[in-house]
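What follows is the content of entry.txt, which has compact mmCIF, C-alpha atoms:
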# COMPACT_ATOMS: atom_id res chain seq x y z
CA MET A 259 85.72 92.98 112.23
CA LYS A 260 82.20 93.76 113.44
CA HIS A 261 82.69 97.49 112.73
CA MET A 262 83.39 96.97 109.02
CA ASN A 263 80.56 97.88 106.67
CA GLN A 264 79.42 95.51 103.92
CA LYS A 265 81.38 97.32 101.20
CA GLU A 266 84.63 97.04 103.18
CA VAL A 267 83.95 93.36 103.91
CA ARG A 268 83.35 92.62 100.21
CA ARG A 269 86.49 94.48 99.17
CA LEU A 270 88.60 92.65 101.74
CA ALA A 271 87.01 89.32 100.75
CA VAL A 272 87.95 89.91 97.09
CA HIS A 273 91.59 90.65 97.96
CA VAL A 274 91.83 87.68 100.32
CA GLY A 275 90.15 85.45 97.73
CA ILE A 276 92.67 86.44 95.05
CA PHE A 277 95.52 85.97 97.52
CA VAL A 278 94.32 82.48 98.51
CA ALA A 279 93.79 81.49 94.86
CA VAL A 280 97.33 82.56 93.93
CA MET A 281 98.66 80.85 97.07
CA LEU A 282 96.95 77.54 96.23
CA LEU A 283 98.21 77.71 92.65
CA THR A 284 101.72 78.39 93.99
CA PHE A 285 101.53 75.47 96.41
CA TRP A 286 100.31 73.17 93.63
CA SER A 287 103.22 74.24 91.43
CA VAL A 288 105.79 73.81 94.22
CA PHE A 289 104.60 70.45 95.54
CA ARG A 290 103.59 68.85 92.24
CA GLY A 291 105.46 65.57 91.90
CA GLN A 292 106.92 65.86 95.42
CA ASP A 293 106.44 63.45 98.32
CA PHE A 294 104.77 65.77 100.84
CA THR A 295 105.41 63.43 103.81
CA GLU A 296 109.14 63.44 103.07
CA ILE A 297 109.15 67.23 102.89
CA VAL A 298 107.39 67.48 106.26
CA ALA A 299 109.86 64.99 107.77
CA ALA A 300 112.81 67.00 106.40
CA VAL A 301 111.39 70.24 107.80
CA GLN A 302 111.05 68.59 111.21
CA GLN A 303 114.74 67.71 111.14
CA MET A 304 115.76 71.38 111.13
CA SER A 305 117.43 72.51 114.32
CA GLY A 306 114.96 74.07 116.76
CA ALA A 307 117.41 76.83 117.67
CA TYR A 308 117.87 77.84 114.04
CA MET A 309 114.12 77.64 113.40
CA THR A 310 113.52 79.97 116.35
CA ALA A 311 116.23 82.34 115.09
CA ALA A 312 114.61 82.42 111.63
CA ILE A 313 111.18 83.20 113.11
CA LEU A 314 112.65 85.98 115.28
CA LEU A 315 114.39 87.49 112.25
CA ALA A 316 111.10 87.56 110.31
CA ILE A 317 109.27 89.21 113.22
CA PHE A 318 112.15 91.66 113.70
CA PHE A 319 112.00 92.61 110.02
CA VAL A 320 108.40 93.82 110.30
CA SER A 321 108.72 95.20 113.84
CA ALA A 322 111.75 97.29 112.84
CA GLU A 323 109.57 99.30 110.48
CA GLY A 324 107.21 100.01 113.38
CA CYS A 325 110.16 101.19 115.46
CA MET A 326 111.16 103.60 112.69
CA ILE A 327 107.60 104.92 112.40
CA TRP A 328 107.56 105.46 116.18
CA TYR A 329 110.99 107.14 116.13
CA LEU A 330 110.03 109.59 113.36
CA LEU A 331 106.60 110.37 114.81
CA ARG A 332 108.13 111.09 118.21
CA GLY A 333 110.83 113.20 116.57
CA ILE A 334 108.17 115.28 114.83
CA GLY A 335 106.29 115.74 118.11
CA GLU A 336 103.42 113.27 117.76
CA GLN A 337 102.35 111.39 120.89
CA THR A 338 102.22 107.66 120.20
CA THR A 339 103.42 104.34 121.62
CA LEU A 340 105.86 101.78 120.25
CA PRO A 341 103.38 98.83 120.36
CA ARG A 342 100.85 100.85 118.35
CA CYS A 343 103.47 101.68 115.72
CA ILE A 344 104.57 98.05 115.47
CA SER A 345 100.91 97.12 114.95
CA TYR A 346 100.77 99.61 112.04
CA SER A 347 103.72 97.79 110.51
CA PHE A 348 102.10 94.34 110.74
CA ILE A 349 98.82 95.69 109.36
CA GLY A 350 100.74 97.25 106.48
CA PHE A 351 102.56 93.98 105.79
CA PHE A 352 99.26 92.07 105.68
CA PHE A 353 97.53 94.45 103.28
CA SER A 354 100.67 94.80 101.15
CA GLY A 355 100.69 91.02 100.84
CA ILE A 356 97.11 90.71 99.57
CA THR A 357 97.20 93.64 97.10
CA PRO A 358 99.12 93.95 93.79
CA SER A 359 102.46 95.77 94.02
CA ALA A 360 101.86 96.14 97.80
CA THR A 361 99.54 99.11 97.14
CA GLY A 362 97.19 98.42 100.05
CA GLY A 363 99.65 98.57 102.93
CA GLN A 364 100.28 102.28 103.42
CA PRO A 365 96.64 103.43 103.05
CA MET A 366 95.62 101.05 105.85
CA GLN A 367 98.55 102.17 108.00
CA LEU A 368 97.55 105.78 107.42
CA TYR A 369 93.95 105.02 108.37
CA TYR A 370 94.91 103.49 111.73
CA MET A 371 97.51 106.14 112.50
CA ARG A 372 94.90 108.83 111.91
CA ARG A 373 92.31 106.93 113.93
CA ASP A 374 94.72 106.73 116.87
CA GLY A 375 95.08 110.50 116.97
CA ASN A 376 98.14 111.21 114.82
CA THR A 377 97.77 114.14 112.42
CA LEU A 378 97.18 113.27 108.78
CA SER A 379 100.06 115.43 107.54
CA ALA A 380 102.64 114.00 109.96
CA SER A 381 101.49 110.42 109.37
CA SER A 382 101.67 110.88 105.59
CA VAL A 383 105.17 112.32 105.67
CA VAL A 384 106.45 109.65 108.08
CA LEU A 385 105.07 106.78 105.99
CA MET A 386 106.46 108.32 102.81
CA THR A 387 109.84 108.87 104.45
CA VAL A 388 109.98 105.25 105.60
CA ALA A 389 108.96 104.07 102.11
CA VAL A 390 111.55 106.25 100.36
CA ILE A 391 114.36 105.12 102.66
CA TYR A 392 113.24 101.47 102.39
CA LYS A 393 113.37 101.59 98.58
CA PHE A 394 116.51 103.74 98.54
CA VAL A 395 118.41 101.22 100.68
CA LEU A 396 117.16 98.36 98.48
CA VAL A 397 118.41 100.19 95.37
CA LEU A 398 121.80 100.88 96.99
CA ILE A 399 122.16 97.21 97.91
CA GLY A 400 121.15 96.21 94.38
CA ILE A 401 123.67 98.55 92.75
CA GLY A 402 126.40 97.39 95.15
CA ILE A 403 125.72 93.76 94.22
CA VAL A 404 125.98 94.59 90.51
CA ILE A 405 129.24 96.49 90.95
CA PHE A 406 131.09 94.13 93.31
CA TRP A 407 129.41 90.75 92.69
CA ARG A 408 128.28 90.81 89.07
CA ARG A 409 129.74 87.54 87.79
CA PRO A 410 128.43 85.36 90.65
CA LEU A 411 125.09 87.18 90.37
CA GLN A 412 124.81 86.32 86.69
CA SER A 413 125.82 82.73 87.39
CA TYR A 414 123.16 82.27 90.07
CA LEU A 415 120.30 84.18 88.41
CA GLN A 416 120.76 82.94 84.83
CA GLU A 417 117.39 83.48 83.06
CA TYR A 418 116.24 85.80 85.87
CA TYR A 419 119.18 88.17 85.36
CA GLY A 420 117.06 90.56 83.27
CA LEU A 421 114.24 90.49 85.82
CA TYR A 422 116.73 91.60 88.46
CA PHE A 423 117.58 94.75 86.50
CA LEU A 424 113.89 95.41 85.84
CA GLY A 425 113.22 95.23 89.59
CA LEU A 426 116.18 97.49 90.29
CA PHE A 427 114.94 100.05 87.73
CA LEU A 428 111.36 100.02 89.06
CA ASN A 429 112.52 100.54 92.64
CA ALA A 430 114.83 103.39 91.59
CA ALA A 431 112.01 105.02 89.60
CA LEU A 432 109.70 104.79 92.61
CA VAL A 433 112.31 106.47 94.83
CA VAL A 434 112.54 109.38 92.37
CA ILE A 435 108.74 109.71 92.16
CA LEU A 436 108.31 109.63 95.94
CA LEU A 437 111.04 112.24 96.43
CA MET A 438 109.37 114.50 93.86
CA VAL A 439 106.04 114.17 95.67
CA MET A 440 107.64 114.75 99.07
CA PHE A 441 109.61 117.86 98.19
CA SER A 442 107.35 119.47 95.59
CA GLN A 443 104.25 120.96 97.14
CA GLY A 444 103.02 121.87 93.65
CA ILE A 445 102.96 118.23 92.55
CA ILE A 446 101.10 116.99 95.60
CA ARG A 447 98.62 119.90 95.44
CA SER A 448 97.96 119.13 91.77
CA CYS A 449 97.44 115.43 92.57
CA PHE A 450 94.99 116.28 95.35
CA TYR A 451 92.86 118.61 93.25
CA LYS A 452 92.84 116.31 90.23
CA LEU A 453 91.75 113.42 92.44
CA GLU A 454 89.02 115.55 94.00
CA GLY A 455 87.82 116.66 90.56
CA LEU A 456 87.68 113.04 89.38
CA LEU A 457 85.68 111.94 92.43
CA VAL A 458 83.26 114.84 91.99
CA ARG A 459 82.71 113.96 88.31
CA LEU A 460 82.07 110.35 89.31
CA HIS A 461 79.53 111.64 91.87
CA LEU A 462 81.48 110.02 94.70
CA LEU A 463 82.02 113.41 96.35
CA ARG A 464 80.08 116.66 96.44
CA LYS A 465 81.82 119.87 95.47
CA LYS A 466 82.53 121.78 98.68
CA GLU A 467 84.61 124.89 99.34
CA SER A 468 85.25 123.70 102.90
CA ARG A 469 87.13 120.68 101.48
CA LYS A 470 89.60 122.98 99.75
CA GLU A 471 90.27 124.72 103.05
CA LYS A 472 90.96 121.37 104.69
CA MET A 473 93.24 120.39 101.81
CA GLU A 474 95.23 123.58 102.17
CA GLN A 475 95.52 123.01 105.92
CA PHE A 476 96.79 119.50 105.24
CA LEU A 477 99.27 120.71 102.62
CA SER A 478 100.55 123.38 105.00
CA GLY A 479 101.09 120.81 107.76
CA TYR A 480 102.62 118.39 105.26
CA GLN A 481 105.12 120.97 104.03
CA ASN A 482 106.00 122.02 107.59
CA THR A 483 106.69 118.37 108.49
CA VAL A 484 108.88 117.86 105.40
CA THR A 485 110.80 121.03 106.25
CA PHE A 486 111.27 119.80 109.82
CA LEU A 487 112.69 116.45 108.66
CA ARG A 488 115.02 118.16 106.18
CA SER A 489 116.44 120.28 108.99
CA HIS A 490 116.88 117.30 111.33
CA LYS A 491 119.30 115.11 109.39
CA LYS A 492 120.04 112.98 112.46
CA LEU A 493 116.51 111.55 112.34
CA ILE A 494 116.96 110.59 108.70
CA GLY A 495 120.49 109.23 109.22
CA ILE A 496 119.46 106.95 112.07
CA THR A 497 116.45 105.75 110.05
CA ILE A 498 118.71 104.88 107.09
CA VAL A 499 121.07 102.86 109.31
CA ALA A 500 118.11 101.09 110.93
CA THR A 501 116.69 100.28 107.48
CA ILE A 502 119.98 98.73 106.36
CA VAL A 503 119.94 96.47 109.43
CA GLN A 504 116.27 95.68 108.80
CA ARG A 505 116.87 94.76 105.15
CA TYR A 506 119.80 92.46 105.93
CA SER A 507 117.86 90.72 108.71
CA VAL A 508 115.51 89.13 106.18
CA PHE A 509 118.35 88.39 103.74
CA VAL A 510 120.26 86.54 106.49
CA LEU A 511 117.20 84.38 107.17
CA ALA A 512 118.03 82.10 104.22
CA PHE A 513 121.53 81.52 105.64
CA VAL A 514 120.04 80.64 109.04
CA VAL A 515 117.85 78.03 107.32
CA TYR A 516 120.92 76.76 105.45
CA CYS A 517 122.79 76.22 108.72
CA GLY A 518 119.70 74.80 110.45
CA LEU A 519 119.44 72.07 107.83
CA GLY A 520 123.04 71.07 108.59
CA LEU A 521 124.44 72.24 105.25
CA SER A 522 127.84 73.82 104.64
CA GLY A 523 130.20 74.79 101.85
CA THR A 524 128.59 78.03 100.61
CA ALA A 525 129.75 81.37 101.99
CA MET A 526 127.28 83.40 104.03
CA LEU A 527 127.59 86.46 101.76
CA ASP A 528 126.74 84.37 98.68
CA ILE A 529 123.46 83.25 100.26
CA VAL A 530 122.68 86.74 101.54
CA PHE A 531 123.31 88.34 98.13
CA VAL A 532 121.26 85.72 96.27
CA GLN A 533 118.34 86.25 98.67
CA ALA A 534 118.69 90.02 98.23
CA ALA A 535 118.63 89.57 94.44
CA VAL A 536 115.35 87.64 94.68
CA TYR A 537 113.76 90.41 96.76
CA ILE A 538 114.93 93.14 94.39
CA ALA A 539 113.69 91.29 91.31
CA VAL A 540 110.14 90.57 92.55
CA ASP A 541 109.53 93.50 94.93
CA MET A 542 107.61 95.69 92.46
CA LEU A 543 105.78 93.03 90.45
CA PRO A 544 101.95 93.45 90.37
CA ILE A 545 101.23 90.10 92.01
CA PRO A 546 99.78 89.84 95.56
CA GLY A 547 102.73 89.02 97.79
CA ALA A 548 104.83 88.30 94.66
CA GLN A 549 103.56 84.75 95.05
CA GLY A 550 104.46 82.24 92.38
CA ILE A 551 107.29 84.24 90.83
CA THR A 552 109.18 84.34 94.15
CA GLU A 553 108.95 80.57 94.56
CA ALA A 554 109.84 79.96 90.90
CA MET A 555 112.85 82.25 91.11
CA TYR A 556 113.94 80.75 94.44
CA HIS A 557 113.75 77.24 92.93
CA SER A 558 116.02 78.33 90.08
CA VAL A 559 118.64 80.51 91.78
CA PHE A 560 119.13 78.47 94.97
CA GLN A 561 119.54 75.06 93.35
CA LYS A 562 123.34 75.39 93.52
CA ILE A 563 123.14 76.16 97.25
CA PHE A 564 120.36 73.89 98.54
CA VAL A 565 121.11 70.74 96.58
CA GLY A 566 118.74 67.83 96.05
CA ASP A 567 115.67 67.54 98.27
CA TYR A 568 116.88 70.41 100.45
CA LEU A 569 115.84 72.93 97.78
CA VAL A 570 112.07 72.52 98.24
CA VAL A 571 112.47 72.08 102.00
CA SER A 572 114.47 75.31 102.35
CA MET A 573 111.99 77.19 100.19
CA CYS A 574 109.07 76.00 102.33
CA ILE A 575 110.81 77.08 105.52
CA THR A 576 112.24 80.38 104.26
CA ARG A 577 109.12 81.53 102.44
CA GLY A 578 106.80 80.07 105.06
CA ILE A 579 108.45 82.01 107.87
CA SER A 580 109.36 85.26 106.12
CA PHE A 581 106.01 85.69 104.36
CA TYR A 582 103.13 83.37 105.28
CA LEU A 583 103.79 83.31 109.02
CA VAL A 584 104.13 87.08 109.15
CA MET A 585 100.95 87.41 107.06
CA LEU A 586 99.07 85.38 109.70
CA ILE A 587 100.46 87.60 112.46
CA GLY A 588 99.45 90.67 110.45
CA LEU A 589 95.92 89.31 110.02
CA ALA A 590 95.67 88.68 113.78
CA VAL A 591 96.91 92.20 114.56
CA PHE A 592 94.41 93.66 112.08
CA CYS A 593 91.51 91.77 113.68
CA ILE A 594 92.57 92.99 117.13
CA ALA A 595 92.89 96.56 115.84
CA ARG A 596 89.40 96.42 114.30
CA ARG A 597 87.89 95.21 117.56
CA ARG A 598 89.74 97.90 119.49
Starting from the coordinates I provided, produce the structure as structure tokens.
Amino acid sequence: MKHMNQKEVRRLAVHVGIFVAVMLLTFWSVFRGQDFTEIVAAVQQMSGAYMTAAILLAIFFVSAEGCMIWYLLRGIGEQTTLPRCISYSFIGFFFSGITPSATGGQPMQLYYMRRDGNTLSASSVVLMTVAVIYKFVLVLIGIGIVIFWRRPLQSYLQEYYGLYFLGLFLNAALVVILLMVMFSQGIIRSCFYKLEGLLVRLHLLRKKESRKEKMEQFLSGYQNTVTFLRSHKKLIGITIVATIVQRYSVFVLAFVVYCGLGLSGTAMLDIVFVQAAVYIAVDMLPIPGAQGITEAMYHSVFQKIFVGDYLVVSMCITRGISFYLVMLIGLAVFCIARRR
């Protein structure tokens, strides 16, 4: 942290402050009228083996993205290590969690990938490829749930049924936009030059011919990397399969918590699909970490599965492990990366 300038520190402090404020408001809403000591006691009753399994699933979910980044970078020809790539993933998760619509994650990942010696063009394409596949798989899962599980979905979601389709639409729209940017050099060139012109008019950059040369070099490398990935379908295919496994790992986490609390009677797929529906609905909302709305939706859609006092307990464990714990790990990784 000692290498951050004052402007960076202030910007980070603002994001963290907003995140903490939303988090405290969420906690107040969740625990209002609840006996906190009873909730803690119920959490402590969860099986240690299942708790460990849930934590490992959450860590695997984030680490799997790092493995895919490493796999694609190595496939392109970049020299990097798996631990470094996993650290990029945790840093991305942390900054996605404290910024609206997860907009801060990829820029920070790109910064550290470039700082560690990876080329800007290759890093950009790899991150965009991972993002496209991540959203594409989420959309496929969402469409599959609608086609094959529509009535149970409507029964569980109730008033959040419309929000689910909004989330599905926003994710599908983002996939289309990202694909257009990836495969249309004209679009990305136009975006670059318009952004440069804006920054020059705002006096944040000076007009330089050398910058245009660098931009063209970047665009050339970017297009070459895209062309390489298009011609190596095996890399993309393996990444898609890995993303499907990654997505389901975090959906299964709720079922692990269900079993750990000693509950039974609801099919595993029902719990997995309900958890997937929550993720799809809130994934694109402009709220840091989708806090508040995720907990509110969880409280509504899981009340038929986690009955009675188990509802709040399961939400604390599931959300605490899959989001807040991983956020703390991401913060620790970020601090280590800054010191390095």
May I have the protein, DNA and RNA residues with an atom at most 10 Å from (93.1, 98.5, 105.4), counting all atoms listed in the file in the file's coordinates, returned as number ranges by chain? A: 266, 269-270, 349-350, 352-354, 362-370, 592, 596
Can you work out the spacing between CA of Gly550 (chain A) and CA of Ile594 (chain A) in Å, to one decimal? 29.5 Å
Nearest residue to Val384 (chain A) out of A:Glu553, A:Gly420, A:Phe486, A:Gly400, using only C-alpha atoms? A:Phe486
List the spatial neighbours of Arg408 (chain A) as number ranges by chain - criterion: any atom at most 12 Å away, all atoms listed in the file, same-chain residues fewer than 2 positions off excluded. A: 400-406, 410-416, 419, 422-423, 528, 531-532, 535
For region 521-526 of chain A, find every residue with an atom within 10 Å (counting all atoms listed in the file), except residues of its own chain fewer than 2 positions away, and show them as a tab-separated table (two decimals) with C-alpha atoms, keeping the file's coordinate frame.
chain	number	residue	atom	x	y	z
A	510	VAL	CA	120.26	86.54	106.49
A	512	ALA	CA	118.03	82.10	104.22
A	513	PHE	CA	121.53	81.52	105.64
A	514	VAL	CA	120.04	80.64	109.04
A	515	VAL	CA	117.85	78.03	107.32
A	516	TYR	CA	120.92	76.76	105.45
A	517	CYS	CA	122.79	76.22	108.72
A	518	GLY	CA	119.70	74.80	110.45
A	519	LEU	CA	119.44	72.07	107.83
A	528	ASP	CA	126.74	84.37	98.68
A	529	ILE	CA	123.46	83.25	100.26
A	530	VAL	CA	122.68	86.74	101.54
A	531	PHE	CA	123.31	88.34	98.13
A	562	LYS	CA	123.34	75.39	93.52
A	563	ILE	CA	123.14	76.16	97.25
A	564	PHE	CA	120.36	73.89	98.54
A	565	VAL	CA	121.11	70.74	96.58
A	568	TYR	CA	116.88	70.41	100.45
Min atom-atom distance to Arg598 (chain A) from the set A:Met386, A:Gly578, A:Arg373, A:Met473, counting only C-alpha atoms, belongs to A:Arg373
For each of A:Ser347, A:Asn429, A:Ser558, A:Ser448, take the minimum atom-to-atom distance to Val320 (chain A), counting only C-alpha atoms, then give the residue where this is smallest.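 Of all the options, A:Ser347 lies closest to Val320 (chain A).
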CA of Met371 (chain A) to CA of Leu340 (chain A) measures 12.2 Å
Would you kindly identify which residues have an atom no farther than 8 Å from (115.3, 98.4, 95.4), using only C-alpha atoms and the file's own coordinates, and write them out as a VMD selection string? chain A and resid 392 to 400 425 to 430 538 541
Check the smallest atom-to-atom distance from each of A:Ile334, A:Ile502, A:Met304, A:Leu543 to Arg488 (chain A) using only C-alpha atoms, then report the winner.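 Smallest distance to Arg488 (chain A) is found for A:Ile334.
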Please, what distance in Å, to one decimal, runs between CA of Met438 (chain A) and CA of Val540 (chain A)?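 So the two atoms, CA of Met438 (chain A) and CA of Val540 (chain A), lie 24.0 Å apart.
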With 3 Å added on each side, what axis-aligned box encloses every listed atom of region 572-576 of chain A? Give the centre and edge lengths in Å to one decimal, as JSON.
{"center_x": 111.8, "center_y": 77.8, "center_z": 102.9, "size_x": 11.4, "size_y": 11.1, "size_z": 11.3}
Using only C-alpha atoms, which protein or nucleic acid residues come within 10 Å of Ile579 (chain A)? Drop anything in the same chain fewer than 3 positions from it, and give the result as a PyMOL selection string. chain A and resi 309+312-317+511+573-576+582-585
